[in-house]
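Asker: Coordinates in input.cif, mmCIF, C-alpha atoms and all ligand atoms, are listed below.
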data_run
#
loop_
_atom_site.label_atom_id
_atom_site.label_comp_id
_atom_site.auth_asym_id
_atom_site.auth_seq_id
_atom_site.Cartn_x
_atom_site.Cartn_y
_atom_site.Cartn_z
CA MET E 1 0.00 0.00 0.00
CA ASN E 2 1.17 3.63 -0.25
CA SER E 3 1.47 6.95 1.56
CA TYR E 4 -1.78 8.47 0.22
CA GLN E 5 -3.94 5.82 1.78
CA SER E 6 -5.54 6.30 5.19
CA SER E 7 -5.21 3.36 7.57
CA ASP E 8 -8.85 2.14 7.29
CA SER E 9 -9.07 2.74 3.51
CA LEU E 10 -10.10 -0.15 1.27
CA GLY E 11 -7.46 0.83 -1.29
CA ASP E 12 -5.70 3.65 -3.17
CA ILE E 13 -7.35 3.99 -6.60
CA LEU E 14 -5.75 6.10 -9.32
CA ILE E 15 -8.42 7.38 -11.80
CA VAL E 16 -7.10 8.58 -15.15
CA ASP E 17 -9.61 10.46 -17.35
CA ASP E 18 -9.35 13.67 -19.37
CA GLU E 19 -12.96 14.44 -18.56
CA PRO E 20 -13.07 16.32 -15.16
CA ASN E 21 -16.74 15.45 -14.67
CA ASN E 22 -16.01 11.73 -14.93
CA LEU E 23 -13.19 12.12 -12.44
CA ARG E 24 -15.38 13.94 -9.96
CA VAL E 25 -18.25 11.45 -10.14
CA LEU E 26 -16.00 8.39 -9.82
CA SER E 27 -13.96 9.96 -6.99
CA THR E 28 -17.12 10.77 -5.02
CA ILE E 29 -18.53 7.28 -5.35
CA LEU E 30 -15.25 5.59 -4.46
CA SER E 31 -14.72 7.86 -1.43
CA ASP E 32 -18.26 7.08 -0.24
CA ARG E 33 -17.47 3.36 -0.46
CA GLY E 34 -14.32 3.65 1.66
CA TYR E 35 -11.61 3.91 -1.03
CA ASP E 36 -8.91 6.55 -1.39
CA PRO E 37 -9.32 7.83 -4.95
CA ARG E 38 -6.82 10.07 -6.74
CA GLY E 39 -7.80 11.63 -10.07
CA VAL E 40 -5.51 12.79 -12.87
CA LEU E 41 -6.46 14.24 -16.28
CA SER E 42 -3.77 12.75 -18.53
CA GLY E 43 -1.46 9.81 -19.15
CA PRO E 44 1.80 11.63 -18.27
CA MET E 45 0.20 12.85 -15.02
CA ALA E 46 -0.86 9.30 -14.25
CA LEU E 47 2.71 8.02 -14.69
CA LYS E 48 3.99 10.76 -12.38
CA ALA E 49 1.30 10.14 -9.76
CA ALA E 50 2.02 6.40 -9.69
CA LYS E 51 5.72 7.07 -9.34
CA ALA E 52 5.07 9.39 -6.35
CA ALA E 53 3.00 6.69 -4.60
CA LEU E 54 2.06 3.32 -6.00
CA PRO E 55 -1.72 2.92 -6.21
CA ASP E 56 -3.45 -0.39 -5.48
CA LEU E 57 -5.50 -0.21 -8.67
CA ILE E 58 -5.79 2.07 -11.75
CA LEU E 59 -9.02 3.01 -13.57
CA LEU E 60 -7.82 4.08 -17.02
CA ASP E 61 -9.66 5.92 -19.79
CA ILE E 62 -8.55 5.05 -23.34
CA MET E 63 -9.19 8.12 -25.43
CA MET E 64 -6.98 10.88 -24.08
CA PRO E 65 -4.73 13.51 -25.74
CA ASP E 66 -0.92 13.08 -25.51
CA LEU E 67 -0.79 9.42 -24.50
CA ASP E 68 -3.83 7.22 -25.01
CA GLY E 69 -4.85 4.62 -22.41
CA TYR E 70 -3.16 1.70 -24.26
CA GLU E 71 0.20 3.48 -24.27
CA VAL E 72 -0.12 4.48 -20.60
CA CYS E 73 -0.97 0.88 -19.72
CA GLN E 74 2.03 -0.44 -21.69
CA LYS E 75 4.34 1.98 -19.85
CA PHE E 76 3.02 0.84 -16.47
CA LYS E 77 3.49 -2.80 -17.45
CA ALA E 78 7.01 -2.17 -18.71
CA ASP E 79 8.08 -0.73 -15.35
CA THR E 80 8.95 -3.38 -12.72
CA ASN E 81 7.62 -1.07 -9.98
CA THR E 82 4.16 -0.77 -11.48
CA CYS E 83 3.78 -3.87 -13.61
CA GLU E 84 1.81 -5.78 -10.94
CA ILE E 85 -0.80 -3.02 -10.38
CA PRO E 86 -4.18 -4.15 -11.81
CA ILE E 87 -5.43 -1.76 -14.52
CA ILE E 88 -9.13 -1.61 -15.44
CA PHE E 89 -9.96 0.20 -18.67
CA ILE E 90 -13.07 2.41 -18.69
CA SER E 91 -13.99 3.54 -22.15
CA ALA E 92 -16.82 4.47 -24.46
CA LYS E 93 -15.17 2.34 -27.13
CA ASP E 94 -17.14 -0.87 -27.18
CA GLN E 95 -15.82 -2.71 -30.22
CA GLY E 96 -14.48 -6.20 -29.65
CA MET E 97 -11.11 -5.19 -31.07
CA ASP E 98 -10.82 -2.33 -28.56
CA LYS E 99 -11.18 -4.81 -25.72
CA VAL E 100 -8.68 -7.20 -27.28
CA LYS E 101 -6.19 -4.34 -27.59
CA ALA E 102 -6.82 -3.34 -23.97
CA PHE E 103 -6.11 -6.86 -22.69
CA ALA E 104 -3.08 -7.15 -24.98
CA ALA E 105 -1.70 -3.92 -23.46
CA GLY E 106 -1.90 -5.55 -20.01
CA GLY E 107 -5.34 -4.54 -18.67
CA VAL E 108 -7.11 -6.95 -16.31
CA ASP E 109 -10.65 -5.78 -17.09
CA TYR E 110 -12.68 -3.59 -19.38
CA ILE E 111 -15.78 -1.53 -18.47
CA THR E 112 -17.81 0.16 -21.17
CA LYS E 113 -19.17 3.72 -20.70
CA PRO E 114 -21.82 4.56 -19.73
CA PHE E 115 -21.30 2.27 -16.78
CA GLN E 116 -23.25 1.10 -13.76
CA PHE E 117 -21.57 2.26 -10.54
CA GLU E 118 -22.30 -1.04 -8.86
CA GLU E 119 -20.56 -2.88 -11.69
CA VAL E 120 -17.49 -0.65 -11.40
CA LEU E 121 -17.38 -1.14 -7.63
CA ALA E 122 -17.85 -4.91 -7.93
CA ARG E 123 -15.00 -5.18 -10.44
CA ILE E 124 -12.69 -2.96 -8.40
CA GLU E 125 -13.35 -5.05 -5.29
CA ASN E 126 -12.84 -8.23 -7.24
CA HIS E 127 -9.47 -7.18 -8.68
CA LEU E 128 -8.24 -5.76 -5.40
CA ASN E 129 -9.05 -9.10 -3.76
CA LEU E 130 -7.32 -10.94 -6.55
CA ARG E 131 -4.28 -8.70 -6.19
CA LYS E 132 -4.25 -9.25 -2.40
CA LEU E 133 -4.42 -13.01 -2.90
CA GLN E 134 -1.62 -12.83 -5.47
CA GLN E 135 0.53 -10.86 -3.02
CA GLU E 136 -0.19 -13.35 -0.23
CA LEU E 137 0.66 -16.19 -2.58
CA ALA E 138 3.91 -14.52 -3.60
CA GLN E 139 4.74 -14.02 0.10
CA GLN E 140 3.97 -17.66 0.84
CA ASN E 141 5.99 -18.72 -2.15
CA LEU E 142 8.94 -16.76 -0.85
CA LEU E 143 8.63 -18.39 2.59
CA LEU E 144 8.35 -21.77 0.93
CA GLN E 145 11.47 -21.11 -1.14
CA THR E 146 13.36 -20.16 2.02
CA GLU E 147 12.06 -23.28 3.75
CA ILE E 148 13.10 -25.42 0.78
CA GLY E 149 16.53 -23.79 0.92
CA HIS E 150 16.85 -24.61 4.63
CA ARG E 151 15.69 -28.17 4.09
CA LYS E 152 18.11 -28.68 1.24
CA ALA E 153 20.96 -27.43 3.40
CA ALA E 154 19.84 -29.70 6.27
CA GLU E 155 19.55 -32.62 3.85
CA GLN E 156 23.03 -31.96 2.56
CA ALA E 157 24.42 -31.77 6.10
CA LEU E 158 22.61 -35.03 6.92
CA GLN E 159 24.02 -36.68 3.85
CA GLN E 160 27.53 -35.57 4.77
CA GLN E 161 27.03 -36.86 8.30
CA ASN E 162 25.70 -40.10 6.88
CA GLU E 163 28.77 -40.46 4.69
CA ARG E 164 31.02 -39.81 7.70
CA LEU E 165 29.10 -42.41 9.68
CA GLN E 166 29.37 -44.94 6.89
CA GLN E 167 33.09 -44.31 6.78
CA GLU E 168 33.31 -44.71 10.56
CA ILE E 169 31.36 -47.99 10.38
CA CYS E 170 33.72 -49.22 7.66
CA ASP E 171 36.76 -48.22 9.74
CA ARG E 172 35.34 -49.95 12.79
CA GLN E 173 34.48 -53.07 10.86
CA SER E 174 37.98 -53.34 9.49
CA ALA E 175 39.44 -52.62 12.96
CA GLU E 176 37.16 -55.29 14.41
CA ALA E 177 38.22 -57.76 11.74
CA ALA E 178 41.88 -56.99 12.47
CA LEU E 179 41.25 -57.42 16.19
CA GLN E 180 39.47 -60.69 15.62
CA LYS E 181 42.38 -61.92 13.52
CA ALA E 182 44.86 -60.83 16.20
CA ASN E 183 42.74 -62.56 18.84
CA GLN E 184 42.65 -65.78 16.85
CA GLU E 185 46.40 -65.54 16.38
CA LEU E 186 46.86 -64.96 20.11
CA ALA E 187 44.58 -67.86 21.02
CA ARG E 188 46.52 -70.11 18.64
CA SER E 189 49.90 -69.08 20.01
CA ASN E 190 48.58 -69.38 23.59
CA SER E 191 47.36 -72.86 22.95
CA GLU E 192 50.67 -73.79 21.31
CA LEU E 193 52.53 -72.34 24.28
CA GLU E 194 50.35 -74.22 26.75
CA GLN E 195 50.88 -77.39 24.79
CA PHE E 196 54.63 -76.81 24.77
CA ALA E 197 54.67 -76.05 28.53
CA SER E 198 52.64 -79.17 29.17
CA ILE E 199 54.86 -81.46 27.07
CA ALA E 200 58.08 -79.88 28.38
CA SER E 201 56.93 -80.11 32.00
CA HIS E 202 55.78 -83.65 31.56
CA ASP E 203 59.06 -84.72 29.96
CA LEU E 204 61.06 -82.95 32.69
CA LEU E 205 59.28 -84.82 35.49
CA SER E 206 60.73 -88.19 34.59
CA PRO E 207 64.49 -87.28 34.68
CA ILE E 208 63.94 -85.29 37.89
CA SER E 209 62.26 -88.29 39.49
CA THR E 210 65.22 -90.43 38.40
CA ILE E 211 67.74 -88.00 39.93
CA SER E 212 65.70 -87.67 43.11
CA GLY E 213 65.24 -91.46 43.34
CA TYR E 214 68.94 -92.22 42.91
CA ALA E 215 69.92 -89.47 45.38
CA GLN E 216 67.61 -90.99 47.99
CA LEU E 217 68.99 -94.47 47.21
CA LEU E 218 72.55 -93.18 47.64
CA LYS E 219 71.61 -91.68 51.01
CA MET E 220 69.82 -94.82 52.14
CA CYS E 221 72.55 -97.31 51.07
CA TYR E 222 75.74 -95.38 51.68
CA SER E 223 74.91 -92.85 54.45
CA LYS E 224 77.23 -94.66 56.83
CA SER E 225 80.28 -93.97 54.66
CA PHE E 226 79.25 -90.26 54.11
CA ASP E 227 80.87 -87.48 56.08
CA GLU E 228 78.86 -84.40 57.19
CA LYS E 229 79.53 -82.47 53.97
CA SER E 230 78.50 -85.36 51.65
CA THR E 231 75.20 -85.77 53.59
CA GLU E 232 74.54 -82.03 53.26
CA TYR E 233 75.17 -82.19 49.49
CA ILE E 234 72.91 -85.18 49.04
CA ASP E 235 70.14 -83.48 51.10
CA SER E 236 70.43 -80.32 48.98
CA MET E 237 70.13 -82.46 45.86
CA ILE E 238 66.97 -84.16 47.15
CA GLN E 239 65.43 -80.80 48.23
CA GLY E 240 66.27 -79.26 44.86
CA CYS E 241 64.55 -82.15 43.11
CA ASP E 242 61.49 -81.76 45.37
CA ARG E 243 61.25 -78.08 44.52
CA MET E 244 61.67 -78.79 40.85
CA GLN E 245 58.89 -81.43 41.03
CA THR E 246 56.55 -79.00 42.82
CA LEU E 247 57.29 -76.31 40.24
CA ILE E 248 56.65 -78.65 37.32
CA ASN E 249 53.44 -79.95 38.90
CA ASP E 250 52.21 -76.38 39.43
CA LEU E 251 53.08 -75.50 35.83
CA LEU E 252 51.22 -78.58 34.63
CA ALA E 253 48.22 -77.59 36.76
CA TYR E 254 48.27 -74.10 35.26
CA SER E 255 48.54 -75.28 31.66
CA ARG E 256 45.77 -77.86 32.25
CA LEU E 257 43.39 -75.00 33.14
CA GLY E 258 43.70 -73.62 29.61
CA ARG E 259 43.32 -76.95 27.87
CA GLU E 260 40.80 -78.99 29.83
CA LYS E 261 37.28 -77.57 29.80
CA ASN E 262 34.86 -79.74 31.78
CA PRO E 263 31.12 -78.97 31.64
CA PHE E 264 29.97 -76.78 34.55
CA VAL E 265 27.71 -78.44 37.12
CA PRO E 266 26.15 -77.31 40.43
CA ILE E 267 28.85 -77.38 43.14
CA ASP E 268 28.15 -77.16 46.86
CA CYS E 269 30.91 -74.84 48.11
CA GLN E 270 30.46 -76.05 51.70
CA LYS E 271 31.51 -79.56 50.55
CA ILE E 272 34.40 -78.14 48.52
CA PHE E 273 35.54 -76.21 51.60
CA THR E 274 35.48 -79.37 53.74
CA GLU E 275 37.46 -81.32 51.14
CA ALA E 276 40.04 -78.54 50.82
CA CYS E 277 40.51 -78.54 54.62
CA GLN E 278 40.94 -82.33 54.59
CA ASN E 279 43.65 -82.03 51.93
CA LEU E 280 45.37 -79.39 54.07
CA SER E 281 44.79 -81.23 57.36
CA SER E 282 48.48 -81.80 58.25
CA GLN E 283 49.26 -78.10 57.55
CA LEU E 284 46.23 -77.06 59.64
CA ARG E 285 47.18 -79.34 62.49
CA TYR E 286 50.85 -78.32 62.43
CA ASN E 287 49.88 -74.62 62.66
CA GLN E 288 46.93 -75.26 65.03
CA ALA E 289 44.89 -73.16 62.62
CA THR E 290 41.18 -72.46 62.92
CA VAL E 291 39.33 -72.25 59.60
CA THR E 292 35.60 -71.45 59.68
CA PRO E 293 33.11 -71.34 56.80
CA LYS E 294 29.97 -69.19 56.72
CA ASP E 295 26.99 -69.16 54.29
CA LEU E 296 28.82 -70.98 51.49
CA PRO E 297 26.37 -71.38 48.57
CA THR E 298 26.00 -73.75 45.65
CA VAL E 299 27.49 -72.39 42.44
CA ILE E 300 27.81 -73.61 38.87
CA GLY E 301 31.36 -74.58 37.95
CA ASP E 302 34.17 -77.09 37.55
CA ARG E 303 34.56 -79.16 40.71
CA SER E 304 38.31 -79.80 40.57
CA GLN E 305 39.07 -76.17 39.68
CA LEU E 306 36.99 -74.79 42.55
CA LEU E 307 38.63 -77.27 44.95
CA GLN E 308 42.04 -76.03 43.84
CA LEU E 309 40.91 -72.39 44.25
CA PHE E 310 39.73 -72.93 47.85
CA GLN E 311 42.79 -75.04 48.67
CA ASN E 312 45.30 -72.49 47.33
CA LEU E 313 43.68 -69.55 49.13
CA ILE E 314 43.23 -71.36 52.49
CA GLY E 315 46.73 -72.89 52.14
CA ASN E 316 48.26 -69.41 51.61
CA ALA E 317 46.23 -67.96 54.51
CA ILE E 318 47.95 -70.49 56.80
CA LYS E 319 51.39 -70.49 55.11
CA TYR E 320 51.75 -66.70 55.34
CA ARG E 321 50.89 -66.66 59.03
CA GLY E 322 52.38 -64.23 61.50
CA GLU E 323 53.19 -64.69 65.17
CA ASN E 324 49.56 -65.43 66.10
CA THR E 325 47.84 -68.76 65.64
CA PRO E 326 46.18 -68.63 62.19
CA ILE E 327 42.47 -67.82 62.16
CA VAL E 328 40.86 -68.02 58.73
CA GLN E 329 37.25 -67.17 57.80
CA VAL E 330 35.72 -68.21 54.49
CA THR E 331 32.44 -66.39 53.77
CA ALA E 332 30.10 -65.62 50.87
CA ALA E 333 27.34 -63.10 50.24
CA LEU E 334 25.07 -62.31 47.30
CA GLU E 335 26.03 -58.95 45.82
CA ASN E 336 25.06 -57.40 42.46
CA ASN E 337 23.69 -60.69 41.10
CA ALA E 338 26.90 -62.60 41.93
CA TYR E 339 28.36 -64.37 44.95
CA LEU E 340 31.17 -62.45 46.60
CA PHE E 341 33.51 -64.85 48.44
CA ALA E 342 36.08 -63.69 50.99
CA VAL E 343 39.03 -65.63 52.49
CA LYS E 344 40.20 -63.59 55.45
CA ASP E 345 43.32 -64.33 57.49
CA ASN E 346 45.27 -62.76 60.37
CA GLY E 347 48.68 -63.32 58.75
CA ILE E 348 51.61 -61.15 57.69
CA GLY E 349 49.62 -59.04 55.19
CA ILE E 350 50.70 -57.56 51.84
CA GLU E 351 51.93 -54.05 50.94
CA PRO E 352 49.39 -52.15 48.74
CA GLU E 353 51.90 -51.85 45.86
CA ASN E 354 51.89 -55.67 45.63
CA PHE E 355 48.09 -56.12 45.56
CA GLN E 356 48.10 -56.77 41.82
CA LYS E 357 51.59 -58.21 41.44
CA VAL E 358 50.86 -61.25 43.63
CA PHE E 359 48.57 -62.61 40.89
CA GLN E 360 51.39 -62.58 38.34
CA MET E 361 53.04 -65.85 37.38
CA PHE E 362 56.19 -66.64 39.47
CA LYS E 363 55.76 -63.42 41.52
CA ARG E 364 56.85 -64.06 45.09
CA LEU E 365 57.31 -61.50 47.87
CA HIS E 366 59.58 -63.68 50.05
CA GLY E 367 62.59 -65.91 49.66
CA HIS E 368 62.18 -69.68 49.46
CA SER E 369 63.91 -70.23 52.78
CA GLN E 370 61.43 -67.92 54.51
CA TYR E 371 58.26 -69.29 52.88
CA PRO E 372 58.51 -72.14 50.36
CA GLY E 373 56.51 -71.85 47.15
CA THR E 374 56.58 -71.41 43.39
CA GLY E 375 54.68 -68.14 42.83
CA ILE E 376 52.13 -69.93 40.64
CA GLY E 377 49.31 -70.52 43.19
CA LEU E 378 47.55 -67.15 42.85
CA ALA E 379 48.01 -67.08 39.06
CA ILE E 380 46.16 -70.41 39.06
CA CYS E 381 43.43 -68.90 41.30
CA GLN E 382 43.02 -65.96 38.94
CA LYS E 383 42.71 -68.21 35.91
CA ILE E 384 40.12 -70.41 37.65
CA VAL E 385 38.00 -67.42 38.71
CA GLU E 386 38.18 -65.92 35.22
CA ASN E 387 37.25 -69.30 33.70
CA HIS E 388 34.08 -69.05 35.80
CA GLY E 389 33.35 -65.49 34.68
CA GLY E 390 34.43 -63.87 37.96
CA ARG E 391 37.06 -61.50 39.33
CA ILE E 392 39.67 -61.87 42.07
CA TRP E 393 41.50 -59.24 44.12
CA VAL E 394 43.10 -58.71 47.52
CA GLU E 395 42.79 -56.14 50.29
CA SER E 396 45.34 -56.22 53.07
CA GLU E 397 47.09 -54.42 55.86
CA CYS E 398 50.69 -55.25 56.75
CA ASP E 399 50.99 -57.40 59.90
CA ARG E 400 47.21 -57.44 60.36
CA GLY E 401 46.11 -59.91 57.71
CA SER E 402 44.77 -60.16 54.18
CA THR E 403 41.37 -60.80 52.61
CA PHE E 404 41.25 -62.39 49.17
CA TYR E 405 37.93 -61.64 47.43
CA PHE E 406 36.56 -63.39 44.38
CA THR E 407 33.20 -63.44 42.63
CA LEU E 408 31.34 -66.33 41.03
CA PRO E 409 28.08 -66.00 39.08
CA CYS E 410 24.88 -66.91 40.89
CA PRO E 411 23.34 -70.18 39.45
CA SER E 412 19.86 -68.64 38.83
CA ILE E 413 21.49 -65.89 36.74
CA VAL E 414 23.71 -68.38 34.89
CA ASN E 415 20.59 -70.48 34.04
CA ASN E 416 18.70 -67.46 32.76
P1 LIG E 501 53.50 -69.01 46.43
O1 LIG E 501 52.69 -69.07 47.65
O2 LIG E 501 53.82 -70.34 45.87
O3 LIG E 501 54.70 -68.15 46.58
P2 LIG E 501 51.28 -67.61 45.27
O4 LIG E 501 51.04 -67.28 43.85
O5 LIG E 501 50.28 -68.43 45.96
O6 LIG E 501 52.68 -68.29 45.26
O7 LIG E 501 51.45 -66.26 46.04
C1 LIG E 501 52.26 -65.24 45.52
C2 LIG E 501 52.80 -64.39 46.62
O8 LIG E 501 51.74 -63.67 47.26
C3 LIG E 501 53.39 -65.19 47.78
O9 LIG E 501 54.77 -65.47 47.51
C4 LIG E 501 53.20 -64.29 48.97
O10 LIG E 501 54.28 -63.37 49.07
C5 LIG E 501 51.95 -63.54 48.64
N1 LIG E 501 50.77 -64.09 49.36
C6 LIG E 501 49.89 -64.96 48.87
N2 LIG E 501 48.91 -65.22 49.77
C7 LIG E 501 49.19 -64.47 50.85
C8 LIG E 501 48.56 -64.27 52.14
N3 LIG E 501 47.44 -64.90 52.46
N4 LIG E 501 49.15 -63.41 53.00
C9 LIG E 501 50.27 -62.75 52.66
N5 LIG E 501 50.91 -62.89 51.48
C10 LIG E 501 50.37 -63.74 50.59
#
For the structure just supplied, provide its representation as C-alpha cells.
Ligand code: ADP

Answerer:
Amino acid sequence: MNSYQSSDSLGDILIVDDEPNNLRVLSTILSDRGYDPRGVLSGPMALKAAKAALPDLILLDIMMPDLDGYEVCQKFKADTNTCEIPIIFISAKDQGMDKVKAFAAGGVDYITKPFQFEEVLARIENHLNLRKLQQELAQQNLLLQTEIGHRKAAEQALQQQNERLQQEICDRQSAEAALQKANQELARSNSELEQFASIASHDLLSPISTISGYAQLLKMCYSKSFDEKSTEYIDSMIQGCDRMQTLINDLLAYSRLGREKNPFVPIDCQKIFTEACQNLSSQLRYNQATVTPKDLPTVIGDRSQLLQLFQNLIGNAIKYRGENTPIVQVTAALENNAYLFAVKDNGIGIEPENFQKVFQMFKRLHGHSQYPGTGIGLAICQKIVENHGGRIWVESECDRGSTFYFTLPCPSIVNN
C-alpha cells in the first residue's frame, strides 16, 4: 500500500480520465465506499502520480490527448515497480477489437461507458481481492522457497554426516576384523605355548624323578660312609629335586586350566571347603589353625578347579601366618547378582603396591627359605575365577592380615 492511503481505507485507486466530470463522479462514489481515490487528467500525469505513490488499482480511460490509455498501460506494465498493479480500462469504445487491444496492453478488465456504478465497484473489489491473494501467494511462495533452501541445506548436512558415519562404520568393521584376527592368532599361540609347557613339564618330570630317586637311594645305602659335607650335598640335591617337582606340577596344573574344559555343574561350596581342609589337614594341624566357613552357597562350575581355588587360598592364609595362631574365615554373600567370596586371614599381610603383582606368574614376595613356594598358586586362582566369569583381588594391611575376594556367578542368573 502507499502513503496516500488512510489506515482504514479499502485501497488507493488512481483514476485517469481527461474528462473532469467523470473524475469527480467516480472519486465521489469511491470515497463514499471507503476507497482513497486520486484523479488525474492525462497519461503523463498518471505516470507521475504512480511514481510518487504506488496505487493499489488504476481506472484508465482510453481516449486521451498526448498518450492514449493503451500506451499508458504499456508503460506501467514495462516498469517493474508498477507492472503488478491491476489496470481496469473504462472507455466508451465498445468494439471487440478495442477490448482485445486493452487486454493485450496488459489490462485486467474492461468496463464500457456509460457504466453502472455497482458494476465498477464490484470489479474494483474483485481485482483488489485478486491482487491481495496474489501478493499473499507470492509471500507464501517466498517463505516456501526459504524453507526449501533450509531443508536442502539440512539434507546436505545429513548426507555428509551419513557419509562420515558410513566411513566410521567401515573403519570400525575393518578394525574389528583386524582385532578378531589378532585374537585368533593370540589364542593359537597361547594354545601352542600351553601345549609346549605341558609337554616340556611332563618330559622334565621323569628325569627329575630319576635324579631324586637315585639321590635318595645313595643316602639310604651309603649314608654310613658319608661325612657331614656329603650328607649335606645329598640333602640339597633331594630338596632341589622336590622343589623342581613341585614347580613342574604347578606348571602342569596351570597349563591344564587352559586346555581342559569340563562342563559346569552345580557345586556345593560347603563340601568343597570341607574337602580342601581335609587335603590341608596336616598343615592345619601343624599350625593349630582355625578355619571357619559361613553361608557358602552352591554355584555352577568345575569341581576340581573350585577345589584347587579354595585349597590355594586357604593354604596361603595359613602359610603366610604371622606370630599369632592362624584364624581363617571363608564367607560368601550375594552382591550385584553374583556371589562375593572372601578368604580372610590374620597373617603377615601384603603391601598395597603388591596387591596386583601377587597374581602374576612366578611373583613371590619372600625368599624360598622364609616361605617355600613357586609363585604360581595365585596365578592359578586368577585363571580359575576368570574361567568361571568372575574376578579376584586382595585387600590387606601389613601385619594385620589379608582378605582375598573373588566373585562367582549366581546359578539362577547363569541359568537365565
Ligand atoms: P607361592 O605361595 O607359591 O609363593 P602364590 O602365587 O600363591 O605363590 O602367592 C604369591 C605371593 O603372594 C606369595 O609369595 C606371597 O608373598 C603372597 N601371598 C599370597 N597369599 C598371601 C597371604 N594370604 N598373605 C600374605 N601374602 C600372601

Asker: Any idea what the distance is between CA of Asp98 (chain E) and CA of Met64 (chain E)?

Answerer: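 CA of Met64 (chain E) lies at a distance of 14.5 Å from CA of Asp98 (chain E).
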
Asker: Per residue of chain E within 6 Å of ligand LIG 501 (chain E), note the shortest atom pair and the distance in Å to one decimal, counting all atoms listed in the file, and order the rows by chain and increasing residue number, as a tab-separated table.

Answerer:
residue	atom	partner	partner_atom	distance
E:Asn316	CA	E:LIG501	N2	4.6
E:Ala317	CA	E:LIG501	N3	3.9
E:Tyr320	CA	E:LIG501	N4	4.8
E:Gly347	CA	E:LIG501	N4	5.8
E:Ile348	CA	E:LIG501	C9	5.4
E:Gly349	CA	E:LIG501	C9	4.5
E:Ile350	CA	E:LIG501	C9	5.3
E:Val358	CA	E:LIG501	O8	4.5
E:Lys363	CA	E:LIG501	C1	5.6
E:Arg364	CA	E:LIG501	O9	3.5
E:Leu365	CA	E:LIG501	O10	3.8
E:His366	CA	E:LIG501	O10	5.4
E:Gly373	CA	E:LIG501	O2	3.3
E:Thr374	CA	E:LIG501	O2	3.9
E:Gly375	CA	E:LIG501	O6	3.2
E:Ile376	CA	E:LIG501	O4	4.3
E:Gly377	CA	E:LIG501	O5	3.6
E:Leu378	CA	E:LIG501	O4	3.6
E:Ala379	CA	E:LIG501	O4	5.7
E:Ser402	CA	E:LIG501	N4	5.6

Asker: Is it possible to get the residues within 12 Å of (63.8, -88.6, 40.2) (coordinates as in the file, counting all atoms listed in the file) written as an mmCIF file with C-alpha atoms, in the frame of the given file?

Answerer:
data_model
loop_
_atom_site.group_PDB
_atom_site.id
_atom_site.type_symbol
_atom_site.label_atom_id
_atom_site.label_comp_id
_atom_site.auth_asym_id
_atom_site.auth_seq_id
_atom_site.Cartn_x
_atom_site.Cartn_y
_atom_site.Cartn_z
ATOM 1 C CA ASP E 203 59.060 -84.720 29.960
ATOM 2 C CA LEU E 204 61.060 -82.950 32.690
ATOM 3 C CA LEU E 205 59.280 -84.820 35.490
ATOM 4 C CA SER E 206 60.730 -88.190 34.590
ATOM 5 C CA PRO E 207 64.490 -87.280 34.680
ATOM 6 C CA ILE E 208 63.940 -85.290 37.890
ATOM 7 C CA SER E 209 62.260 -88.290 39.490
ATOM 8 C CA THR E 210 65.220 -90.430 38.400
ATOM 9 C CA ILE E 211 67.740 -88.000 39.930
ATOM 10 C CA SER E 212 65.700 -87.670 43.110
ATOM 11 C CA GLY E 213 65.240 -91.460 43.340
ATOM 12 C CA TYR E 214 68.940 -92.220 42.910
ATOM 13 C CA ALA E 215 69.920 -89.470 45.380
ATOM 14 C CA GLN E 216 67.610 -90.990 47.990
ATOM 15 C CA LEU E 217 68.990 -94.470 47.210
ATOM 16 C CA MET E 237 70.130 -82.460 45.860
ATOM 17 C CA ILE E 238 66.970 -84.160 47.150
ATOM 18 C CA GLN E 239 65.430 -80.800 48.230
ATOM 19 C CA GLY E 240 66.270 -79.260 44.860
ATOM 20 C CA CYS E 241 64.550 -82.150 43.110
ATOM 21 C CA ASP E 242 61.490 -81.760 45.370
ATOM 22 C CA ARG E 243 61.250 -78.080 44.520
ATOM 23 C CA MET E 244 61.670 -78.790 40.850
ATOM 24 C CA GLN E 245 58.890 -81.430 41.030
#

Asker: CA of His127 (chain E) to CA of Ile88 (chain E): how many Å, to one decimal?

Answerer: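 Computing it gives 8.8 Å between the two atoms.
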
Asker: Would you work out the distance separating CA of Glu185 (chain E) from CA of Leu247 (chain E), expressed in Å to one decimal?

Answerer: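 Value for the CA of Glu185 (chain E)-CA of Leu247 (chain E) distance: 28.4 Å.
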
Asker: For Ile392 (chain E), which residue among E:Gln356, E:Gln195, E:Ser91, E:Ser9 is the nearest when counting all atoms listed in the file?

Answerer: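 Closest to Ile392 (chain E), using all atoms listed in the file: E:Gln356.
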
Asker: Report, as AutoDock Vina command-line options, the centre and edge lengths in Å (one decimal) of the axis-aligned box enclosing every listed atom of region 56-68 of chain E, padded by 4 Å on each side.

Answerer:
--center_x -5.2 --center_y 6.6 --center_z -15.6 --size_x 16.9 --size_y 21.9 --size_z 28.3

Asker: What lies within 7 Å of region 382-391 of chain E using all atoms listed in the file, ignoring chain neighbours under 2 positions off, as a count of residues only?

Answerer: 12

Asker: Pick out the residues sitting within 12 Å of Lys48 (chain E), and hand them over as a list in words; count only C-alpha atoms, and ignore anything fewer than 3 positions along from it in its own chain.

Answerer: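 In the requested format, the answer is Leu14, Val16, Val40, Leu41, Ser42, Gly43, Pro44, Met45, Lys51, Ala52, Ala53, Leu54, Pro55, Val72, Lys75, Phe76 and Thr82 of chain E.
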
Asker: Looking at E:Leu251, E:Leu133, E:Val299, E:Ile327, which one is nearest to Leu284 (chain E), with distances taken over all atoms listed in the file?

Answerer: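 Using all atoms listed in the file, Leu284 (chain E) sits closest to E:Ile327.
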
Asker: Do you know which residues are at most 9 Å from Thr298 (chain E) counting all atoms listed in the file, after dropping those on the same chain fewer than 5 positions away, and could you put them as a list of chain:residue names?

Answerer: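 Near Thr298 (chain E), the qualifying residues are E:Pro266, E:Ile267, E:Asp268, E:Cys269, E:Gln270, E:Cys410, E:Pro411.
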
Asker: Which residue out of E:Ile318, E:Ile29, E:Ile87, E:Ala138 has the minimum interatomic distance to Gln116 (chain E) when only C-alpha atoms are used?

Answerer: E:Ile29

Asker: Would you kindly return, as a ChimeraX atom specification, each protein, DNA or RNA residue with an atom no farther than 10 Å from any atom of Glu71 (chain E), considering all atoms listed in the file and excluding same-chain residues fewer than 6 positions away?

Answerer: /E:43,62,77,102,105

Asker: Under the rule that all atoms listed in the file are counted, which of E:Ala332, E:Phe115, E:Asp79, E:Cys398 is the nearest residue to Glu353 (chain E)?

Answerer: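 The shortest atom-to-atom distance to Glu353 (chain E) comes from E:Cys398.
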